[in-house]
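S.K.: Before we start, here is the structure in question, set down as structure tokens.
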Amino acid sequence: MSERVAFEDVSVIYPGMAEAALSHVNLEVEEGEFLVLVGPSGCGKSTFLRALAGLEAVSTGRIMIGDRDVTRVPAKDRDIAMVFQNYALYPHMTVAQNMGFALNIAKIPRAEIARRVREAAELLDLTNYLDRKPKALSGGQRQRVAMGRAIVREPQVFLMDEPLSNLDAQLRVQTRTQIATLQRRLGTTTVYVTHDQVEAMTMGDRVVILKDGVVQQVDTPDNLYRHPVNAFVAGFIGSPSMNLIEARVTGNTADIQGFALPLPREVVDTAHAGRVIVGCRPEELQLTDTGIPMTVQLVESLGADSFVYGVVDTIAGPTTVITRTHPADKPALGSSVHVTPRQAHFFSCEGDRPRL
Amino acid sequence: MISRRDTIAGYLLLTLAALISLGPLIGVVVLALGEPGRVGIKLDITQATNFGNFADVWEKGDFGPAILTSFIITTTVVVVSVILSVPAGYAFALMDFPGRTAIFALLVLGILMPLEAMIVPLFLDMRRFNLDNNYWSVILPQIGFSVAFGAFWMRAFFVQSARSLMEAAWIDGANSWRTLTRVLMPLARPQMLTLAVLFFVWNWNDFLLPLVMLSGSDLQTAPMALVTFEGARRTDFAYVGAASLITIAPVVIVFILLQRSFTRGILAGSVKE
Ligand SMILES: Nc1ncnc2c1ncn2[C@@H]1O[C@H](COP(=O)(O)OP(=O)(O)OP(=O)(O)O)[C@@H](O)[C@H]1O
Ligand SMILES: [Mg+2]
């Protein structure tokens, strides 16, 4: 029953808006894949889901589910289940009625509905709550009912719009694992939206990074971390995020406060306006005797590691730089130290264009 | 935390408000039970024992048929108007169709226009369609006025409360009609009941429209019967008081009856998150 989903050059422009909320998106979700959409607020994540669900009309392109072109198919006929951020449970129906509503509409026989609701309730640990109204449930239970309402349908595609954002931190971590496990068990193609990059990295088979309605990169969590295609992705993924230092290209090197970092040939050739952004994750920077001068501003100890926050003067002005060290090596506040990249990524300074 | 002083002040205010609004009504009750045929107003509670006044007035003023006429007209108007207002409000709130704003503006204009400004052309129209002096000549315009307000009222409810539930229902495979009847209407029950009460009160008490429309027939509504009766016995205050009470009794009864399911409705709707 699970199906492939494809966006082909899809744009969504809300009426009266100059900017597209979603701009020429090309994307394929494999059968049974767990795809996570992540990006800052307002980048078009919900718009993506709503377009796929049929709640928002697309301005260009087409949307395929399996071999079916659903671009003009109304929401009710798309065979998609969605978990809303606010759950949108029907307040006048019991948990069982909420979960069975779609089957009821589809004229599935009563006994069959009862069986499927019972099974879903067992899976989600809701058996004791079937006769309750949503009002009488905790936030976590409501979240599970919303999940239940989606899974009893056995749809072709699941859509989830920040389903965990209303839960407290602990429950969120727990539910995160449950959802991922459940999805693997059911094998239903799933598009999951979050603005939390940790959620994205831990749950997704692949992750889509979206910014201003434009897809920046689609890749596995590992590849996103190791090979971000531009400075935006580099800064967005990872916590603390990657240090991004703007530098002048001199000869075959990037010059950061007198420190010369050798540049690969193709970076030198394509550098924009003689500048380049050097990206280093905190663990890729080392405290050394010589290197890039930095003034220590804050030291955070987390037991096994320490994070040293400092300021480096770059051609783009003072920039905060974070490095990870062993607690034994941690420098004093206000002292001047030097850092050296063990490894570096290079990005174009020109907006968020893909890597050089 | 509400302090004791605030509670007492609250009760005092409520009692005062109740007295102000109930005072005249109590006066009318005492008046209606007074001695018939006496000239001049005298409110004497010790003499308020003439329960026979109601039977006399019922008889003399022909209130039986008038109340029946009012009842037929008003119930039809209330039922039809509520049934039409709900889908109309739904459409204005949640469906995209060409001309939505323009049609809605027209509707609001209909609410703002006083009946006095429209009554003559309305009467001529009814006559052209041969509907004058007939129930329909009152029922149809009243439905028109009521639905204008009702669509406005229901739209307000649907706009602010129902967007995501409606989308959930669509995704669950429900068409617009099912979404309305299975999801939105159960939630809108308190609003629908309130609307029914308002429609009943307004249309029952409407005087001008039936007066103009039914002038050439034997049909008269309860307020018309009351005015006729008053005209004939201007000074017999006990009878006039009794007639007034008979005329408003159905409104009070409907209000009390619906008031109950009304509170239930509000509680049922409160599960909305
Ligand atoms: N109904 C609408 N009409 C006009 N503009 C809209 C509408 N809905 C969203 N937008 C705009 O489209 C852009 C994308 O919105 P969207 O809701 O998809 O963002 P999002 O990524 O889900 O953000 P968040 O993380 O805050 O939920 C935003 O700039 C938003 O202001
Ligand atoms: Mg959103």
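Residues in the structure tokens are named by chain (A, B, ... in the order shown) and by number from 1 within that chain; ligands are numbered from 1 in the order shown.
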Would you list the contacts of Gly34 (chain B) as an MDAnalysis selection string, taking every protein, DNA or RNA residue within 10 Å and counting only C-alpha atoms, but skipping same-chain residues closer than 4 positions in sequence?

M.R.: chainID B and resid 28:30 38 41:51 53 237:239 241:242

S.K.: Please identify every residue of chain A that has at least one atom no more than 7 Å from any atom of chain B, counting only C-alpha atoms, and report them as a ChimeraX atom specification.

M.R.: /A:75-77,80-81,88,90-92,102,105,135

S.K.: If we count only C-alpha atoms, what is near region 173-182 of chain A at a cut-off of 8 Å, once residues fewer than 6 positions away on the same chain are taken out, given as a VMD selection string?

M.R.: chain A and resid 164 199 203

S.K.: Please identify all protein, DNA and RNA residues within 9 Å of ligand 2, counting only C-alpha atoms and all ligand atoms, and report them as a ChimeraX atom specification.

M.R.: /A:41-47,49,85,161-162,193-195

S.K.: Those selected residues, please, written with N, CA and C atoms and delivered as a CSV table (one decimal), in the first residue's frame.

M.R.:
chain,number,residue,atom,x,y,z
A,41,SER,N,11.8,28.7,11.0
A,41,SER,CA,10.4,29.0,10.9
A,41,SER,C,10.1,29.9,9.7
A,42,GLY,N,9.0,29.5,9.0
A,42,GLY,CA,8.6,30.3,7.9
A,42,GLY,C,9.3,29.8,6.6
A,43,CYS,N,10.0,28.7,6.6
A,43,CYS,CA,10.8,28.4,5.4
A,43,CYS,C,9.9,27.6,4.4
A,44,GLY,N,8.7,27.2,4.8
A,44,GLY,CA,7.8,26.5,3.9
A,44,GLY,C,7.6,25.1,4.2
A,45,LYS,N,7.9,24.6,5.4
A,45,LYS,CA,7.7,23.2,5.7
A,45,LYS,C,6.2,22.8,5.7
A,46,SER,N,5.4,23.6,6.5
A,46,SER,CA,4.0,23.3,6.5
A,46,SER,C,3.4,23.4,5.1
A,47,THR,N,3.9,24.4,4.4
A,47,THR,CA,3.3,24.6,3.0
A,47,THR,C,3.6,23.3,2.2
A,49,LEU,N,3.9,20.2,3.2
A,49,LEU,CA,2.9,19.2,3.6
A,49,LEU,C,1.5,19.5,3.2
A,85,GLN,N,-0.1,19.6,13.9
A,85,GLN,CA,0.6,20.1,15.0
A,85,GLN,C,-0.2,20.3,16.3
A,161,ASP,N,3.2,17.1,10.9
A,161,ASP,CA,3.6,18.5,11.0
A,161,ASP,C,4.0,18.8,12.5
A,162,GLU,N,5.2,18.7,12.8
A,162,GLU,CA,5.8,19.0,14.1
A,162,GLU,C,4.9,18.3,15.2
A,193,VAL,N,7.8,16.8,9.4
A,193,VAL,CA,8.3,18.1,9.5
A,193,VAL,C,8.7,18.5,10.9
A,194,THR,N,9.8,19.1,11.0
A,194,THR,CA,10.2,19.6,12.3
A,194,THR,C,11.1,20.8,12.2
A,195,HIS,N,11.3,21.6,13.2
A,195,HIS,CA,12.3,22.6,13.1
A,195,HIS,C,13.5,22.3,14.0

S.K.: Hey, which residues come within 12 Å of ligand 1 if we count only C-alpha atoms and all ligand atoms? Could you give them as a short mmCIF file (atom, residue, chain, number, x, y, z; two decimals) with all heavy atoms, in the first residue's frame?

M.R.:
data_model
loop_
_atom_site.label_atom_id
_atom_site.label_comp_id
_atom_site.auth_asym_id
_atom_site.auth_seq_id
_atom_site.Cartn_x
_atom_site.Cartn_y
_atom_site.Cartn_z
N SER A 11 5.83 24.75 -7.08
CA SER A 11 5.87 26.05 -6.40
C SER A 11 4.52 26.32 -5.79
O SER A 11 3.49 25.95 -6.36
CB SER A 11 6.19 27.18 -7.36
OG SER A 11 7.42 26.95 -7.99
N VAL A 12 4.52 26.96 -4.63
CA VAL A 12 3.27 27.42 -4.04
C VAL A 12 3.42 28.91 -3.76
O VAL A 12 4.37 29.33 -3.11
CB VAL A 12 2.94 26.68 -2.74
CG1 VAL A 12 1.71 27.29 -2.07
CG2 VAL A 12 2.73 25.20 -2.99
N ILE A 13 2.51 29.70 -4.30
CA ILE A 13 2.50 31.13 -4.01
C ILE A 13 1.14 31.44 -3.39
O ILE A 13 0.11 31.21 -4.00
CB ILE A 13 2.68 31.97 -5.30
CG1 ILE A 13 3.99 31.56 -5.99
CG2 ILE A 13 2.68 33.45 -4.97
CD1 ILE A 13 4.17 32.16 -7.36
N TYR A 14 1.17 31.91 -2.15
CA TYR A 14 -0.10 32.25 -1.50
C TYR A 14 -0.69 33.48 -2.17
O TYR A 14 0.04 34.37 -2.59
CB TYR A 14 0.10 32.51 -0.01
CG TYR A 14 0.32 31.25 0.78
CD1 TYR A 14 1.57 30.90 1.25
CD2 TYR A 14 -0.74 30.38 1.03
CE1 TYR A 14 1.77 29.73 1.97
CE2 TYR A 14 -0.56 29.22 1.74
CZ TYR A 14 0.69 28.90 2.22
OH TYR A 14 0.88 27.74 2.92
N PRO A 15 -2.03 33.53 -2.25
CA PRO A 15 -2.68 34.66 -2.90
C PRO A 15 -2.22 35.98 -2.28
O PRO A 15 -2.16 36.10 -1.06
CB PRO A 15 -4.17 34.43 -2.62
CG PRO A 15 -4.29 33.02 -2.19
CD PRO A 15 -2.96 32.55 -1.73
N GLY A 16 -1.89 36.93 -3.12
CA GLY A 16 -1.51 38.25 -2.63
C GLY A 16 -0.08 38.34 -2.15
O GLY A 16 0.35 39.38 -1.68
N MET A 17 0.68 37.25 -2.23
CA MET A 17 2.06 37.27 -1.77
C MET A 17 3.01 37.39 -2.97
O MET A 17 2.78 36.77 -4.01
CB MET A 17 2.39 35.97 -1.02
CG MET A 17 1.66 35.85 0.28
SD MET A 17 2.20 37.17 1.36
CE MET A 17 1.38 36.75 2.86
N ALA A 18 4.06 38.17 -2.82
CA ALA A 18 5.01 38.34 -3.90
C ALA A 18 5.96 37.14 -3.96
O ALA A 18 6.27 36.62 -5.02
CB ALA A 18 5.78 39.64 -3.72
N GLU A 19 6.41 36.72 -2.78
CA GLU A 19 7.39 35.63 -2.72
C GLU A 19 6.69 34.28 -2.71
O GLU A 19 5.62 34.13 -2.11
CB GLU A 19 8.18 35.75 -1.42
CG GLU A 19 8.92 37.06 -1.26
CD GLU A 19 10.29 37.01 -1.92
OE1 GLU A 19 11.07 36.11 -1.56
OE2 GLU A 19 10.54 37.85 -2.81
N ALA A 20 7.31 33.31 -3.35
CA ALA A 20 6.76 31.96 -3.31
C ALA A 20 7.07 31.35 -1.94
O ALA A 20 8.17 31.50 -1.42
CB ALA A 20 7.37 31.12 -4.41
N ALA A 21 6.08 30.68 -1.34
CA ALA A 21 6.32 30.01 -0.06
C ALA A 21 7.10 28.72 -0.30
O ALA A 21 7.77 28.20 0.58
CB ALA A 21 5.00 29.71 0.63
N LEU A 22 6.99 28.22 -1.53
CA LEU A 22 7.71 27.01 -1.93
C LEU A 22 8.12 27.25 -3.38
O LEU A 22 7.30 27.65 -4.19
CB LEU A 22 6.76 25.81 -1.85
CG LEU A 22 7.31 24.47 -1.41
CD1 LEU A 22 8.01 24.60 -0.08
CD2 LEU A 22 6.18 23.46 -1.29
N SER A 23 9.40 27.07 -3.66
CA SER A 23 9.88 27.52 -4.95
C SER A 23 10.55 26.39 -5.72
O SER A 23 11.59 25.89 -5.32
CB SER A 23 10.85 28.68 -4.71
OG SER A 23 11.32 29.17 -5.91
N LEU A 37 11.67 16.89 6.93
CA LEU A 37 11.81 18.23 6.37
C LEU A 37 12.18 19.14 7.53
O LEU A 37 11.46 19.21 8.52
CB LEU A 37 10.45 18.66 5.86
CG LEU A 37 10.31 19.18 4.46
CD1 LEU A 37 10.71 18.10 3.49
CD2 LEU A 37 8.86 19.56 4.21
N VAL A 38 13.29 19.85 7.39
CA VAL A 38 13.69 20.70 8.49
C VAL A 38 14.14 22.05 7.95
O VAL A 38 14.58 22.15 6.80
CB VAL A 38 14.78 20.00 9.35
CG1 VAL A 38 16.07 19.84 8.56
CG2 VAL A 38 15.05 20.74 10.64
N GLY A 39 14.00 23.07 8.78
CA GLY A 39 14.39 24.41 8.35
C GLY A 39 13.86 25.42 9.34
O GLY A 39 13.03 25.08 10.17
N PRO A 40 14.33 26.64 9.24
CA PRO A 40 13.89 27.65 10.20
C PRO A 40 12.41 27.99 10.02
O PRO A 40 11.82 27.63 8.99
CB PRO A 40 14.77 28.86 9.88
CG PRO A 40 15.26 28.65 8.49
CD PRO A 40 15.29 27.17 8.27
N SER A 41 11.85 28.68 10.99
CA SER A 41 10.44 29.04 10.94
C SER A 41 10.13 29.86 9.68
O SER A 41 10.90 30.73 9.31
CB SER A 41 10.09 29.84 12.19
OG SER A 41 8.73 30.12 12.17
N GLY A 42 9.03 29.51 9.05
CA GLY A 42 8.61 30.27 7.87
C GLY A 42 9.29 29.85 6.58
O GLY A 42 9.15 30.50 5.56
N CYS A 43 10.03 28.74 6.60
CA CYS A 43 10.78 28.36 5.40
C CYS A 43 9.90 27.58 4.43
O CYS A 43 10.32 27.28 3.31
CB CYS A 43 12.00 27.53 5.78
SG CYS A 43 11.59 25.91 6.42
N GLY A 44 8.69 27.21 4.83
CA GLY A 44 7.79 26.54 3.89
C GLY A 44 7.56 25.06 4.19
O GLY A 44 7.02 24.34 3.35
N LYS A 45 7.91 24.62 5.38
CA LYS A 45 7.72 23.20 5.72
C LYS A 45 6.25 22.81 5.72
O LYS A 45 5.84 21.83 5.10
CB LYS A 45 8.32 22.90 7.11
CG LYS A 45 9.76 23.30 7.25
CD LYS A 45 10.31 22.98 8.63
CE LYS A 45 9.69 23.77 9.77
NZ LYS A 45 10.06 25.19 9.81
N SER A 46 5.45 23.59 6.46
CA SER A 46 4.02 23.28 6.51
C SER A 46 3.40 23.40 5.13
O SER A 46 2.54 22.61 4.76
CB SER A 46 3.30 24.21 7.47
OG SER A 46 3.80 24.06 8.77
N THR A 47 3.85 24.39 4.39
CA THR A 47 3.33 24.58 3.04
C THR A 47 3.58 23.33 2.19
O THR A 47 2.72 22.89 1.44
CB THR A 47 3.98 25.81 2.38
OG1 THR A 47 3.78 26.92 3.24
CG2 THR A 47 3.39 26.09 1.03
N PHE A 48 4.78 22.76 2.34
CA PHE A 48 5.11 21.53 1.61
C PHE A 48 4.09 20.44 1.94
O PHE A 48 3.51 19.81 1.06
CB PHE A 48 6.52 21.09 1.99
CG PHE A 48 7.00 19.85 1.27
CD1 PHE A 48 7.81 19.95 0.15
CD2 PHE A 48 6.63 18.59 1.71
CE1 PHE A 48 8.24 18.81 -0.51
CE2 PHE A 48 7.05 17.45 1.06
CZ PHE A 48 7.86 17.56 -0.06
N LEU A 49 3.87 20.21 3.23
CA LEU A 49 2.93 19.16 3.65
C LEU A 49 1.52 19.45 3.15
O LEU A 49 0.81 18.56 2.69
CB LEU A 49 2.88 19.05 5.17
CG LEU A 49 4.00 18.32 5.88
CD1 LEU A 49 3.55 17.92 7.27
CD2 LEU A 49 4.42 17.08 5.11
N ARG A 50 1.12 20.72 3.27
CA ARG A 50 -0.25 21.08 2.89
C ARG A 50 -0.45 20.92 1.38
O ARG A 50 -1.53 20.53 0.94
CB ARG A 50 -0.57 22.49 3.36
CG ARG A 50 -0.60 22.59 4.90
CD ARG A 50 -0.73 24.02 5.37
NE ARG A 50 -1.93 24.63 4.83
CZ ARG A 50 -3.14 24.47 5.33
NH1 ARG A 50 -3.31 23.74 6.41
NH2 ARG A 50 -4.18 25.03 4.77
N ALA A 51 0.60 21.21 0.63
CA ALA A 51 0.49 21.01 -0.82
C ALA A 51 0.36 19.52 -1.12
O ALA A 51 -0.47 19.11 -1.94
CB ALA A 51 1.72 21.60 -1.52
N LEU A 52 1.14 18.72 -0.42
CA LEU A 52 1.07 17.28 -0.64
C LEU A 52 -0.27 16.71 -0.19
O LEU A 52 -0.82 15.80 -0.81
CB LEU A 52 2.24 16.60 0.10
CG LEU A 52 2.36 15.08 0.03
CD1 LEU A 52 2.24 14.57 -1.39
CD2 LEU A 52 3.69 14.63 0.61
N LEU A 55 -4.28 20.52 0.65
CA LEU A 55 -4.93 21.64 1.35
C LEU A 55 -4.52 22.98 0.75
O LEU A 55 -5.12 24.00 1.03
CB LEU A 55 -4.57 21.62 2.84
CG LEU A 55 -5.03 20.39 3.61
CD1 LEU A 55 -4.50 20.41 5.03
CD2 LEU A 55 -6.55 20.29 3.61
N GLU A 56 -3.47 22.94 -0.07
CA GLU A 56 -3.00 24.18 -0.69
C GLU A 56 -2.80 23.89 -2.17
O GLU A 56 -2.23 22.86 -2.53
CB GLU A 56 -1.68 24.57 -0.03
CG GLU A 56 -1.52 26.01 0.38
CD GLU A 56 -2.54 26.48 1.40
OE1 GLU A 56 -2.44 26.14 2.59
OE2 GLU A 56 -3.45 27.21 1.00
N ALA A 57 -3.27 24.78 -3.02
CA ALA A 57 -3.12 24.57 -4.46
C ALA A 57 -1.71 24.94 -4.89
O ALA A 57 -1.14 25.89 -4.39
CB ALA A 57 -4.13 25.42 -5.22
N PHE A 84 -1.65 16.62 12.67
CA PHE A 84 -1.49 18.07 12.73
C PHE A 84 -0.72 18.46 13.98
O PHE A 84 -0.74 17.76 14.99
CB PHE A 84 -2.87 18.74 12.77
CG PHE A 84 -3.61 18.67 11.49
CD1 PHE A 84 -4.35 17.54 11.15
CD2 PHE A 84 -3.60 19.73 10.60
CE1 PHE A 84 -5.05 17.47 9.97
CE2 PHE A 84 -4.30 19.67 9.42
CZ PHE A 84 -5.03 18.55 9.10
N GLN A 85 -0.11 19.63 13.89
CA GLN A 85 0.64 20.13 15.03
C GLN A 85 -0.25 20.29 16.27
O GLN A 85 0.14 19.97 17.37
CB GLN A 85 1.29 21.46 14.67
CG GLN A 85 2.08 22.04 15.81
CD GLN A 85 2.89 23.24 15.38
OE1 GLN A 85 2.97 23.57 14.21
NE2 GLN A 85 3.50 23.90 16.34
N ASN A 86 -1.47 20.77 16.06
CA ASN A 86 -2.39 20.92 17.20
C ASN A 86 -3.32 19.71 17.31
O ASN A 86 -4.33 19.76 17.99
CB ASN A 86 -3.19 22.20 17.07
CG ASN A 86 -4.10 22.17 15.87
OD1 ASN A 86 -4.09 21.21 15.09
ND2 ASN A 86 -4.90 23.18 15.69
N MET A 160 3.35 14.32 8.88
CA MET A 160 3.33 14.77 10.27
C MET A 160 3.94 16.16 10.37
O MET A 160 5.08 16.37 9.98
CB MET A 160 4.13 13.81 11.15
CG MET A 160 3.65 12.38 11.02
SD MET A 160 4.45 11.32 12.21
CE MET A 160 4.02 9.73 11.50
N ASP A 161 3.16 17.09 10.89
CA ASP A 161 3.63 18.47 11.01
C ASP A 161 3.99 18.77 12.46
O ASP A 161 3.11 19.01 13.28
CB ASP A 161 2.55 19.43 10.52
CG ASP A 161 3.10 20.83 10.29
OD1 ASP A 161 4.27 21.07 10.63
OD2 ASP A 161 2.36 21.67 9.75
N GLU A 162 5.25 18.73 12.77
CA GLU A 162 5.75 18.97 14.12
C GLU A 162 4.88 18.31 15.19
O GLU A 162 4.37 18.98 16.07
CB GLU A 162 5.82 20.49 14.38
CG GLU A 162 6.55 21.21 13.28
CD GLU A 162 7.14 22.53 13.73
OE1 GLU A 162 7.32 22.71 14.95
OE2 GLU A 162 7.45 23.35 12.86
N PRO A 163 4.73 16.98 15.10
CA PRO A 163 3.79 16.33 16.02
C PRO A 163 4.27 16.35 17.47
O PRO A 163 3.48 16.11 18.37
CB PRO A 163 3.71 14.90 15.49
CG PRO A 163 4.98 14.69 14.77
CD PRO A 163 5.38 16.02 14.21
N SER A 165 5.88 18.96 18.98
CA SER A 165 6.23 20.29 19.51
C SER A 165 5.41 20.69 20.73
O SER A 165 5.79 21.59 21.45
CB SER A 165 6.09 21.34 18.42
OG SER A 165 4.76 21.36 17.96
N TYR A 192 7.92 13.95 7.45
CA TYR A 192 7.85 14.43 8.82
C TYR A 192 8.48 15.81 8.88
O TYR A 192 9.60 16.02 8.40
CB TYR A 192 8.64 13.45 9.69
CG TYR A 192 8.63 13.72 11.17
CD1 TYR A 192 7.83 12.98 12.03
CD2 TYR A 192 9.47 14.69 11.71
CE1 TYR A 192 7.85 13.21 13.39
CE2 TYR A 192 9.48 14.93 13.08
CZ TYR A 192 8.67 14.18 13.91
OH TYR A 192 8.68 14.41 15.26
N VAL A 193 7.76 16.76 9.44
CA VAL A 193 8.26 18.13 9.50
C VAL A 193 8.69 18.48 10.91
O VAL A 193 8.01 18.13 11.88
CB VAL A 193 7.15 19.12 9.06
CG1 VAL A 193 7.44 20.52 9.56
CG2 VAL A 193 7.03 19.13 7.55
N THR A 194 9.81 19.12 11.03
CA THR A 194 10.25 19.58 12.35
C THR A 194 11.14 20.79 12.16
O THR A 194 11.65 21.04 11.09
CB THR A 194 11.01 18.47 13.09
OG1 THR A 194 11.48 18.99 14.33
CG2 THR A 194 12.21 17.99 12.29
N HIS A 195 11.29 21.59 13.23
CA HIS A 195 12.29 22.65 13.10
C HIS A 195 13.48 22.31 14.00
O HIS A 195 14.41 23.08 14.13
CB HIS A 195 11.70 24.01 13.47
CG HIS A 195 11.20 24.09 14.86
ND1 HIS A 195 9.87 24.04 15.19
CD2 HIS A 195 11.86 24.18 16.02
CE1 HIS A 195 9.74 24.09 16.49
NE2 HIS A 195 10.93 24.18 17.02
N ASP A 196 13.42 21.10 14.58
CA ASP A 196 14.44 20.67 15.52
C ASP A 196 15.43 19.77 14.77
O ASP A 196 15.09 18.67 14.34
CB ASP A 196 13.75 19.91 16.65
CG ASP A 196 14.73 19.35 17.65
OD1 ASP A 196 15.95 19.41 17.39
OD2 ASP A 196 14.28 18.85 18.69
N GLN A 197 16.66 20.25 14.61
CA GLN A 197 17.60 19.48 13.78
C GLN A 197 17.99 18.16 14.44
O GLN A 197 18.33 17.20 13.75
CB GLN A 197 18.81 20.34 13.40
CG GLN A 197 19.47 21.02 14.55
CD GLN A 197 20.86 20.50 14.78
OE1 GLN A 197 21.27 19.53 14.17
NE2 GLN A 197 21.58 21.15 15.67
N ILE A 209 16.75 19.92 3.79
CA ILE A 209 16.92 21.22 4.43
C ILE A 209 16.30 22.28 3.53
O ILE A 209 16.61 22.36 2.34
CB ILE A 209 18.42 21.58 4.61
CG1 ILE A 209 19.17 20.40 5.18
CG2 ILE A 209 18.56 22.84 5.43
CD1 ILE A 209 19.28 20.39 6.63
N LEU A 210 15.39 23.04 4.13
CA LEU A 210 14.62 24.01 3.37
C LEU A 210 14.94 25.40 3.91
O LEU A 210 15.10 25.59 5.11
CB LEU A 210 13.14 23.69 3.62
CG LEU A 210 12.10 23.96 2.55
CD1 LEU A 210 12.49 23.28 1.26
CD2 LEU A 210 10.75 23.45 3.03
N LYS A 211 15.06 26.36 3.00
CA LYS A 211 15.24 27.75 3.44
C LYS A 211 14.53 28.64 2.44
O LYS A 211 14.73 28.52 1.24
CB LYS A 211 16.72 28.10 3.51
CG LYS A 211 16.96 29.53 3.95
CD LYS A 211 18.44 29.86 3.95
CE LYS A 211 18.64 31.30 4.34
NZ LYS A 211 19.16 32.07 3.22
N ASP A 212 13.69 29.54 2.95
CA ASP A 212 12.94 30.46 2.10
C ASP A 212 12.25 29.75 0.94
O ASP A 212 12.24 30.25 -0.19
CB ASP A 212 13.87 31.55 1.54
CG ASP A 212 14.46 32.40 2.65
OD1 ASP A 212 13.85 32.46 3.72
OD2 ASP A 212 15.53 32.99 2.43
N GLY A 213 11.71 28.59 1.20
CA GLY A 213 10.97 27.87 0.18
C GLY A 213 11.83 27.16 -0.85
O GLY A 213 11.32 26.60 -1.81
N VAL A 214 13.14 27.19 -0.64
CA VAL A 214 14.04 26.54 -1.60
C VAL A 214 14.76 25.38 -0.92
O VAL A 214 15.27 25.52 0.19
CB VAL A 214 15.09 27.55 -2.13
CG1 VAL A 214 16.02 26.88 -3.13
CG2 VAL A 214 14.39 28.75 -2.75
N VAL A 215 14.77 24.23 -1.60
CA VAL A 215 15.48 23.08 -1.05
C VAL A 215 16.98 23.34 -1.14
O VAL A 215 17.51 23.65 -2.20
CB VAL A 215 15.12 21.81 -1.84
CG1 VAL A 215 16.01 20.65 -1.39
CG2 VAL A 215 13.66 21.46 -1.64
N ARG B 163 -11.21 25.85 11.29
CA ARG B 163 -10.34 25.59 10.14
C ARG B 163 -9.61 24.23 10.20
O ARG B 163 -9.71 23.42 9.30
CB ARG B 163 -9.33 26.74 10.05
CG ARG B 163 -8.44 26.67 8.84
CD ARG B 163 -8.89 27.63 7.77
NE ARG B 163 -8.92 26.95 6.48
CZ ARG B 163 -9.50 27.44 5.40
NH1 ARG B 163 -10.12 28.60 5.45
NH2 ARG B 163 -9.49 26.77 4.28
#

S.K.: Identify all residues of region 40-242 of chain B in alpha helix (DSSP H) (DSSP on the backbone) and supply them as a ChimeraX atom specification.

M.R.: /B:52-60,63-94,100-112,115-128,135-161,163-171,176-178,185-205,208-213,222-232,237-242

S.K.: Can you tell me, as a list in words, what residues are no more than 10 Å from Met185 (chain B) when counting only C-alpha atoms, ignoring any on the same chain fewer than 5 positions away?

M.R.: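 My reading of the contact set: Val86, Pro87, Tyr90, Phe158, Arg178, Thr179, Leu180, Pro190, Gln191 and Met192 of chain B.
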
S.K.: How many Å separate CA of Leu333 (chain A) from CA of Phe259 (chain A)?

M.R.: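 Between CA of Leu333 (chain A) and CA of Phe259 (chain A) the gap works out to 22.7 Å.
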